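Have a look at entry_29.cif below; it lists mmCIF, C-alpha atoms.
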```cif
data_protein
#
loop_
_atom_site.label_atom_id
_atom_site.label_comp_id
_atom_site.auth_asym_id
_atom_site.auth_seq_id
_atom_site.Cartn_x
_atom_site.Cartn_y
_atom_site.Cartn_z
CA MET A 1 180.83 89.67 166.75
CA PRO A 2 180.62 93.44 166.14
CA LYS A 3 182.10 94.06 169.58
CA ALA A 4 185.01 91.76 168.86
CA ASN A 5 185.68 93.85 165.77
CA GLY A 6 185.52 97.06 167.75
CA VAL A 7 182.26 98.18 166.17
CA ASP A 8 179.74 100.02 168.32
CA ILE A 9 176.45 99.18 166.65
CA ARG A 10 174.45 101.76 168.54
CA GLU A 11 176.88 104.45 167.50
CA GLN A 12 176.62 103.25 163.90
CA LEU A 13 172.83 103.34 164.03
CA LEU A 14 172.80 106.89 165.33
CA GLU A 15 175.27 107.94 162.67
CA PHE A 16 173.23 106.27 159.92
CA HIS A 17 170.09 107.90 161.22
CA SER A 18 171.54 111.40 161.31
CA LYS A 19 173.05 110.96 157.86
CA TYR A 20 170.06 109.59 155.96
CA TYR A 21 166.93 110.21 158.01
CA SER A 22 166.65 113.75 156.76
CA ALA A 23 163.22 115.11 155.85
CA ASN A 24 164.27 115.84 152.26
CA LEU A 25 164.84 112.11 151.66
CA MET A 26 161.65 110.97 153.37
CA ARG A 27 158.04 110.64 152.26
CA LEU A 28 155.00 110.16 154.45
CA VAL A 29 151.65 108.68 153.52
CA VAL A 30 148.75 108.89 155.95
CA LEU A 31 145.42 107.19 155.50
CA GLY A 32 142.62 107.93 157.95
CA ARG A 33 138.93 108.59 158.22
CA GLU A 34 139.48 112.11 159.53
CA PRO A 35 138.87 114.95 157.08
CA LEU A 36 141.89 115.78 154.94
CA ASP A 37 142.38 119.15 156.62
CA GLU A 38 142.53 117.50 159.99
CA LEU A 39 144.98 114.84 158.82
CA GLU A 40 147.18 117.51 157.34
CA LYS A 41 147.15 119.50 160.56
CA MET A 42 148.10 116.43 162.59
CA VAL A 43 150.94 115.55 160.28
CA THR A 44 152.28 119.09 160.14
CA GLU A 45 152.29 119.37 163.93
CA LEU A 46 153.87 115.98 164.55
CA PHE A 47 156.39 115.67 161.76
CA SER A 48 157.60 119.23 161.14
CA SER A 49 160.43 118.87 163.63
CA ILE A 50 162.11 116.08 161.69
CA PRO A 51 165.39 117.72 160.76
CA SER A 52 166.19 118.37 157.16
CA THR A 53 169.90 118.50 156.48
CA ASP A 54 169.49 118.59 152.72
CA ALA A 55 171.19 115.19 152.71
CA PRO A 56 172.19 113.95 149.27
CA LYS A 57 170.48 110.83 148.03
CA PRO A 58 172.69 107.79 148.64
CA SER A 59 174.67 107.22 145.49
CA LEU A 60 173.70 104.25 143.39
CA SER A 61 176.91 102.65 142.28
CA TYR A 62 175.00 100.57 139.74
CA ALA A 63 173.07 103.49 138.21
CA GLY A 64 172.97 103.10 134.46
CA ALA A 65 174.24 99.52 134.60
CA GLU A 66 172.53 96.99 132.38
CA PRO A 67 171.46 94.14 134.67
CA PHE A 68 170.77 91.87 131.75
CA GLY A 69 173.76 92.20 129.53
CA ALA A 70 174.64 89.89 126.68
CA GLU A 71 176.27 87.52 129.18
CA GLN A 72 173.16 87.10 131.29
CA MET A 73 170.63 86.84 128.48
CA GLY A 74 169.62 83.59 126.87
CA HIS A 75 170.60 81.48 129.85
CA THR A 76 168.71 78.84 131.72
CA VAL A 77 169.70 78.44 135.34
CA TYR A 78 168.87 75.14 136.99
CA VAL A 79 168.76 75.11 140.77
CA VAL A 80 168.29 72.09 143.00
CA PRO A 81 166.27 73.51 145.87
CA VAL A 82 166.37 72.42 149.48
CA LYS A 83 162.60 72.33 149.65
CA GLU A 84 160.45 69.99 147.62
CA LEU A 85 159.72 72.47 144.89
CA ARG A 86 159.17 72.61 141.15
CA LEU A 87 159.22 76.08 139.79
CA LEU A 88 159.76 77.57 136.37
CA SER A 89 160.52 81.25 136.30
CA MET A 90 160.94 83.30 133.15
CA THR A 91 162.19 86.85 133.23
CA TRP A 92 162.22 89.58 130.62
CA PRO A 93 164.00 92.86 131.18
CA LEU A 94 161.89 95.98 130.74
CA PRO A 95 162.64 99.69 130.75
CA ALA A 96 161.96 101.43 134.05
CA GLN A 97 158.24 101.54 134.77
CA GLN A 98 158.15 103.93 137.70
CA GLU A 99 157.05 106.93 135.66
CA HIS A 100 154.00 104.98 134.45
CA PHE A 101 152.73 104.35 137.97
CA GLU A 102 149.37 105.96 137.23
CA VAL A 103 148.70 103.75 134.22
CA LYS A 104 150.66 100.57 135.01
CA PRO A 105 150.88 99.17 131.49
CA THR A 106 152.53 95.94 132.67
CA ARG A 107 149.34 95.13 134.57
CA TYR A 108 147.65 94.36 131.27
CA LEU A 109 150.26 91.73 130.50
CA SER A 110 150.41 90.23 133.95
CA HIS A 111 146.61 90.19 134.16
CA LEU A 112 146.33 88.23 130.92
CA LEU A 113 149.25 85.90 131.63
CA GLY A 114 148.16 85.28 135.21
CA HIS A 115 144.47 84.80 134.46
CA GLU A 116 143.00 81.56 135.76
CA SER A 117 139.69 81.30 133.95
CA ALA A 118 138.72 78.78 131.25
CA GLY A 119 140.92 79.29 128.23
CA SER A 120 143.73 80.84 130.26
CA VAL A 121 147.36 79.74 130.22
CA LEU A 122 146.97 78.22 133.66
CA ALA A 123 143.80 76.35 132.67
CA LEU A 124 145.65 74.73 129.80
CA LEU A 125 148.70 73.87 131.90
CA LYS A 126 146.44 72.37 134.56
CA LYS A 127 144.57 70.33 131.99
CA GLU A 128 147.89 68.96 130.75
CA GLY A 129 148.96 68.24 134.33
CA LEU A 130 151.90 70.59 134.03
CA ALA A 131 151.22 73.19 136.68
CA ASP A 132 149.08 73.84 139.73
CA SER A 133 149.70 77.52 140.07
CA LEU A 134 150.94 80.41 138.03
CA SER A 135 151.75 83.99 138.69
CA ALA A 136 152.93 86.86 136.55
CA GLY A 137 153.95 90.34 137.50
CA GLU A 138 156.36 93.15 137.14
CA GLY A 139 159.28 93.15 139.52
CA SER A 140 160.76 96.55 140.04
CA ALA A 141 164.05 95.67 141.65
CA ALA A 142 165.85 98.95 141.44
CA GLU A 143 165.61 102.45 140.13
CA GLY A 144 165.87 102.70 136.37
CA PHE A 145 165.21 99.06 135.70
CA SER A 146 162.31 96.69 135.68
CA SER A 147 161.41 93.17 134.67
CA LEU A 148 158.39 91.00 134.01
CA MET B 149 150.06 96.31 163.54
CA SER B 150 153.40 97.89 162.86
CA ASN B 151 156.45 96.72 161.01
CA ALA B 152 159.25 97.79 158.72
CA TYR B 153 161.25 96.45 155.86
CA THR B 154 164.08 97.48 153.61
CA SER B 155 163.85 96.70 149.92
CA MET B 156 166.54 97.37 147.35
CA GLU B 157 166.51 101.13 147.69
CA ASN B 158 163.96 102.09 150.31
CA THR B 159 163.11 101.46 153.92
CA ASN B 160 159.44 101.49 154.79
CA TYR B 161 157.97 101.87 158.29
CA TYR B 162 154.26 101.45 158.65
CA PHE B 163 151.50 100.81 161.14
CA ASP B 164 147.76 100.64 161.39
CA VAL B 165 145.68 101.27 164.45
CA GLN B 166 142.08 101.81 165.50
CA GLN B 167 140.85 105.24 164.61
CA GLU B 168 140.45 106.57 168.14
CA HIS B 169 144.15 105.91 168.83
CA PHE B 170 145.44 107.28 165.56
CA ALA B 171 146.67 110.66 166.80
CA GLY B 172 148.56 109.12 169.72
CA ALA B 173 150.10 106.40 167.60
CA LEU B 174 151.15 108.88 164.94
CA ASP B 175 152.85 111.00 167.59
CA ARG B 176 154.88 108.04 168.84
CA PHE B 177 155.68 107.03 165.28
CA ALA B 178 156.97 110.55 164.54
CA GLN B 179 159.26 110.49 167.55
CA PHE B 180 161.30 107.69 166.07
CA PHE B 181 162.23 109.91 163.18
CA ILE B 182 162.73 113.02 165.29
CA LYS B 183 164.75 111.58 168.14
CA PRO B 184 165.16 107.81 168.18
CA LEU B 185 166.36 106.18 171.38
CA PHE B 186 168.25 103.22 169.94
CA THR B 187 168.71 102.07 173.53
CA GLN B 188 171.61 99.74 174.14
CA SER B 189 169.31 96.94 175.28
CA ALA B 190 166.98 97.20 172.28
CA THR B 191 169.98 97.34 169.95
CA ASP B 192 171.43 94.21 171.54
CA ARG B 193 168.11 92.41 171.31
CA GLU B 194 167.77 93.20 167.64
CA LEU B 195 171.35 92.17 166.95
CA ASN B 196 170.69 88.90 168.69
CA ALA B 197 167.49 88.33 166.73
CA ILE B 198 169.30 88.88 163.44
CA GLU B 199 172.10 86.54 164.46
CA CYS B 200 169.60 83.83 165.43
CA GLU B 201 167.70 84.16 162.17
CA GLN B 202 170.92 83.84 160.23
CA ARG B 203 171.94 80.73 162.10
CA ALA B 204 168.59 79.00 162.26
CA GLN B 205 167.39 79.49 158.75
CA PRO B 206 169.27 78.30 155.72
CA ARG B 207 169.03 81.05 153.20
CA SER B 208 166.64 80.59 150.38
CA PRO B 209 168.42 79.42 147.27
CA CYS B 210 166.59 82.19 145.50
CA SER B 211 168.77 84.94 146.85
CA PRO B 212 172.01 83.87 145.16
CA LEU B 213 169.92 83.12 142.11
CA ILE B 214 168.74 86.69 141.98
CA ARG B 215 172.35 87.78 142.18
CA THR B 216 173.37 85.59 139.29
CA ARG B 217 170.62 87.16 137.25
CA CYS B 218 171.13 90.73 138.23
CA CYS B 219 174.75 91.35 138.99
CA PRO B 220 176.41 92.55 135.81
CA GLN B 221 179.91 92.58 137.31
CA LEU B 222 179.70 88.90 138.07
CA ARG B 223 181.09 86.40 135.66
CA ILE B 224 179.35 83.17 136.40
CA PRO B 225 180.97 79.85 135.74
CA ARG B 226 178.69 77.48 133.93
CA THR B 227 178.70 75.15 136.85
CA TYR B 228 179.10 76.14 140.41
CA ARG B 229 178.36 74.73 143.76
CA THR B 230 177.62 76.64 146.86
CA THR B 231 175.97 76.14 150.19
CA CYS B 232 172.48 77.14 150.97
CA GLY B 233 173.26 78.76 154.30
CA ALA B 234 175.84 81.46 154.56
CA PRO B 235 179.16 79.70 153.98
CA SER B 236 180.84 79.29 157.32
CA ARG B 237 184.55 79.71 157.84
CA SER B 238 184.87 76.19 159.21
CA GLY B 239 183.42 74.62 156.10
CA ALA B 240 180.19 74.19 154.29
CA THR B 241 177.05 73.94 156.36
CA GLY B 242 173.48 73.35 155.32
CA SER B 243 172.40 71.53 152.25
CA THR B 244 174.32 71.91 149.12
CA TRP B 245 172.61 73.08 146.05
CA VAL B 246 173.92 73.08 142.59
CA ALA B 247 173.08 75.38 139.79
CA LEU B 248 173.94 74.65 136.24
CA LEU B 249 173.89 77.23 133.57
CA SER B 250 172.83 75.73 130.33
CA SER B 251 174.62 75.70 126.99
CA ASP B 252 178.10 74.19 126.87
CA PRO B 253 179.67 72.39 129.78
CA HIS B 254 182.05 74.46 131.81
CA PRO B 255 185.57 74.29 130.36
CA LEU B 256 186.91 73.46 133.79
CA LEU B 257 184.52 70.57 134.18
CA SER B 258 186.33 67.73 132.48
CA ALA B 259 183.52 65.22 132.46
CA ALA B 260 179.88 65.19 133.46
CA GLY B 261 179.37 64.29 137.10
CA GLU B 262 182.89 65.18 138.16
CA GLU B 263 183.57 67.73 140.81
CA PRO B 264 184.00 71.08 139.17
CA VAL B 265 187.52 72.40 139.39
CA LEU B 266 186.08 75.70 140.47
CA SER B 267 184.93 74.70 143.90
CA ARG B 268 184.58 78.26 145.10
CA SER B 269 182.57 80.17 142.60
CA PRO B 270 182.94 83.89 142.01
CA LEU B 271 179.46 84.04 143.43
CA SER B 272 180.40 82.60 146.76
CA GLN B 273 183.48 84.78 146.81
CA VAL B 274 181.26 87.80 146.47
CA TRP B 275 179.10 86.36 149.18
CA ASP B 276 182.09 85.82 151.44
CA ARG B 277 183.19 89.37 150.88
CA GLU B 278 179.76 90.70 151.73
CA GLN B 279 179.64 88.61 154.86
CA ARG B 280 183.04 89.91 155.85
CA ASP B 281 182.10 93.51 155.19
CA ALA B 282 178.83 93.09 157.01
CA GLY B 283 180.41 91.22 159.93
#
```

Would you write out, as structure tokens, the structure that this file holds?
Amino acid sequence: MPKANGVDIREQLLEFHSKYYSANLMRLVVLGREPLDELEKMVTELFSSIPSTDAPKPSLSYAGAEPFGAEQMGHTVYVVPVKELRLLSMTWPLPAQQEHFEVKPTRYLSHLLGHESAGSVLALLKKEGLADSLSAGEGSAAEGFSSL
Amino acid sequence: MSNAYTSMENTNYYFDVQQEHFAGALDRFAQFFIKPLFTQSATDRELNAIECEQRAQPRSPCSPLIRTRCCPQLRIPRTYRTTCGAPSRSGATGSTWVALLSSDPHPLLSAAGEEPVLSRSPLSQVWDREQRDAG
């Protein structure tokens, strides 16, 4: 299909790579049993030649947009799935949580809501025959926005 | 094990390997970022794999659902009908799923159970456009 449209995928890949795979936009995490100094030396030797073109961060056309505006809030969406599936999903918008990554305040909520011990939400739902599993967690879909 | 994925805003490449092979593996890993080959044959294989996945697997109904929840530009009709797989040019394929937004019935839906007048939702139009742009 790309060929029929006159698109050279390989050319596009190389172009994408040279545009965005610039060291200033990349982060590397290494986990190993070697001493830190040794890991650092390895990484410096191997990765220093990745070019850095000072590439600008790809623009986010939706930056600042409110994903849950008045039109999206307070709605229930019913979906008939292809699979045999019964699922209830509730979503609350939250302010961006990225800056709290060291503390993770939403973990307190998701831990309590998702707990499965006696007296938990799930235990009650199970007892009533309403659910057989439950999960809760923060979903960080995009920069500047989060949800639970 | 090595793999990669792209989420909403980031692409992540990762691998793990036995300790004695770490330095060698890390070197090869680095080369992809320094000077990737993107050989014609590997590119074709990947393209083929993506095409097969698209054809074989009806898309999860969750993905348009996420769009209805998250896309602020999208005005959603209260009732819409779309196909589970990517809508094909020749007509709908895959199972049909229906989503109903609660509250009032859609003004274009004259009576319950009738075919909605809006047979192509804004959602599937967006989808079509994406498919076209991606194609």

Counting all atoms listed in the file, chain A residues within 6 Å of chain B, as a ChimeraX atom specification:
/A:46-47,50,67,76-80

* Asked: Quick one: distance from atom CA of A:Ala96 to atom CA of A:Tyr108 in Å, one decimal?
  ->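 Answer for the atom CA of A:Ala96 to atom CA of A:Tyr108 separation: 16.2 Å.
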
field: Interatomic distance (Å, one decimal) between atom CA of A:Ser117 and atom CA of A:Lys83
entry: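 Atom-to-atom, atom CA of A:Ser117 to atom CA of A:Lys83, that is 29.2 Å.
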
(Q) Evaluated on this file, the PyMOL selection byres ((chain A and resi 93) around 10) picks out some residues - which ones are they, written as a ChimeraX atom specification? (A) /A:66-69,73,91-92,94-96,138-139,145-148

If you keep C-alpha atoms, can you produce a file of those selected residues as an mmCIF file, in the coordinates of the input?
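The result, stored in out-v7.cif:
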```cif
data_model
loop_
_atom_site.group_PDB
_atom_site.id
_atom_site.type_symbol
_atom_site.label_atom_id
_atom_site.label_comp_id
_atom_site.auth_asym_id
_atom_site.auth_seq_id
_atom_site.Cartn_x
_atom_site.Cartn_y
_atom_site.Cartn_z
ATOM 1 C CA GLU A 66 172.530 96.990 132.380
ATOM 2 C CA PRO A 67 171.460 94.140 134.670
ATOM 3 C CA PHE A 68 170.770 91.870 131.750
ATOM 4 C CA GLY A 69 173.760 92.200 129.530
ATOM 5 C CA MET A 73 170.630 86.840 128.480
ATOM 6 C CA THR A 91 162.190 86.850 133.230
ATOM 7 C CA TRP A 92 162.220 89.580 130.620
ATOM 8 C CA LEU A 94 161.890 95.980 130.740
ATOM 9 C CA PRO A 95 162.640 99.690 130.750
ATOM 10 C CA ALA A 96 161.960 101.430 134.050
ATOM 11 C CA GLU A 138 156.360 93.150 137.140
ATOM 12 C CA GLY A 139 159.280 93.150 139.520
ATOM 13 C CA PHE A 145 165.210 99.060 135.700
ATOM 14 C CA SER A 146 162.310 96.690 135.680
ATOM 15 C CA SER A 147 161.410 93.170 134.670
ATOM 16 C CA LEU A 148 158.390 91.000 134.010
#
```

Expressed in Å, the length from atom CA of A:Pro56 to atom CA of A:Tyr21 is 10.9 Å

Enclose the full set of atoms of stretch 64-76 of chain A listed in the file within a box whose edges lie along x, y and z, apply 6 Å of padding to each of the six sides, and report centre and edge lengths in Å to one decimal as lines of an AutoDock Vina configuration file.
```
center_x = 172.5
center_y = 91.0
center_z = 130.7
size_x = 19.6
size_y = 36.3
size_z = 20.0
```

Name the residues, using the chain letters and numbers of the file, that sit within 12 Å of (150.5, 114.8, 159.3) when counting all atoms listed in the file, and give them as a VMD selection string.
-> (chain A and resid 27 to 32 34 to 50) or (chain B and resid 170 to 171 173 to 175 177 to 178)

Selected residues written out, C-alpha atoms, as an mmCIF file, in the frame of the given file:
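Output contents, as saved in out_25.cif:
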```cif
data_model
loop_
_atom_site.group_PDB
_atom_site.id
_atom_site.type_symbol
_atom_site.label_atom_id
_atom_site.label_comp_id
_atom_site.auth_asym_id
_atom_site.auth_seq_id
_atom_site.Cartn_x
_atom_site.Cartn_y
_atom_site.Cartn_z
ATOM 1 C CA ARG A 27 158.040 110.640 152.260
ATOM 2 C CA LEU A 28 155.000 110.160 154.450
ATOM 3 C CA VAL A 29 151.650 108.680 153.520
ATOM 4 C CA VAL A 30 148.750 108.890 155.950
ATOM 5 C CA LEU A 31 145.420 107.190 155.500
ATOM 6 C CA GLY A 32 142.620 107.930 157.950
ATOM 7 C CA GLU A 34 139.480 112.110 159.530
ATOM 8 C CA PRO A 35 138.870 114.950 157.080
ATOM 9 C CA LEU A 36 141.890 115.780 154.940
ATOM 10 C CA ASP A 37 142.380 119.150 156.620
ATOM 11 C CA GLU A 38 142.530 117.500 159.990
ATOM 12 C CA LEU A 39 144.980 114.840 158.820
ATOM 13 C CA GLU A 40 147.180 117.510 157.340
ATOM 14 C CA LYS A 41 147.150 119.500 160.560
ATOM 15 C CA MET A 42 148.100 116.430 162.590
ATOM 16 C CA VAL A 43 150.940 115.550 160.280
ATOM 17 C CA THR A 44 152.280 119.090 160.140
ATOM 18 C CA GLU A 45 152.290 119.370 163.930
ATOM 19 C CA LEU A 46 153.870 115.980 164.550
ATOM 20 C CA PHE A 47 156.390 115.670 161.760
ATOM 21 C CA SER A 48 157.600 119.230 161.140
ATOM 22 C CA SER A 49 160.430 118.870 163.630
ATOM 23 C CA ILE A 50 162.110 116.080 161.690
ATOM 24 C CA PHE B 170 145.440 107.280 165.560
ATOM 25 C CA ALA B 171 146.670 110.660 166.800
ATOM 26 C CA ALA B 173 150.100 106.400 167.600
ATOM 27 C CA LEU B 174 151.150 108.880 164.940
ATOM 28 C CA ASP B 175 152.850 111.000 167.590
ATOM 29 C CA PHE B 177 155.680 107.030 165.280
ATOM 30 C CA ALA B 178 156.970 110.550 164.540
#
```

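For A:Thr53, the list of residues within 12 Å, based on all atoms listed in the file and with local chain neighbours fewer than 6 positions off taken out, reads His17, Ser18, Lys19, Tyr20, Tyr21, Ser22, Ala23, Asn24, Leu25 and Met26 of chain A.
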
Would you put the residues from that selection into a file with C-alpha atoms, as a short mmCIF file (atom, residue, chain, number, x, y, z; two decimals), keeping the file's coordinate frame?
```cif
data_model
loop_
_atom_site.label_atom_id
_atom_site.label_comp_id
_atom_site.auth_asym_id
_atom_site.auth_seq_id
_atom_site.Cartn_x
_atom_site.Cartn_y
_atom_site.Cartn_z
CA HIS A 17 170.09 107.90 161.22
CA SER A 18 171.54 111.40 161.31
CA LYS A 19 173.05 110.96 157.86
CA TYR A 20 170.06 109.59 155.96
CA TYR A 21 166.93 110.21 158.01
CA SER A 22 166.65 113.75 156.76
CA ALA A 23 163.22 115.11 155.85
CA ASN A 24 164.27 115.84 152.26
CA LEU A 25 164.84 112.11 151.66
CA MET A 26 161.65 110.97 153.37
#
```
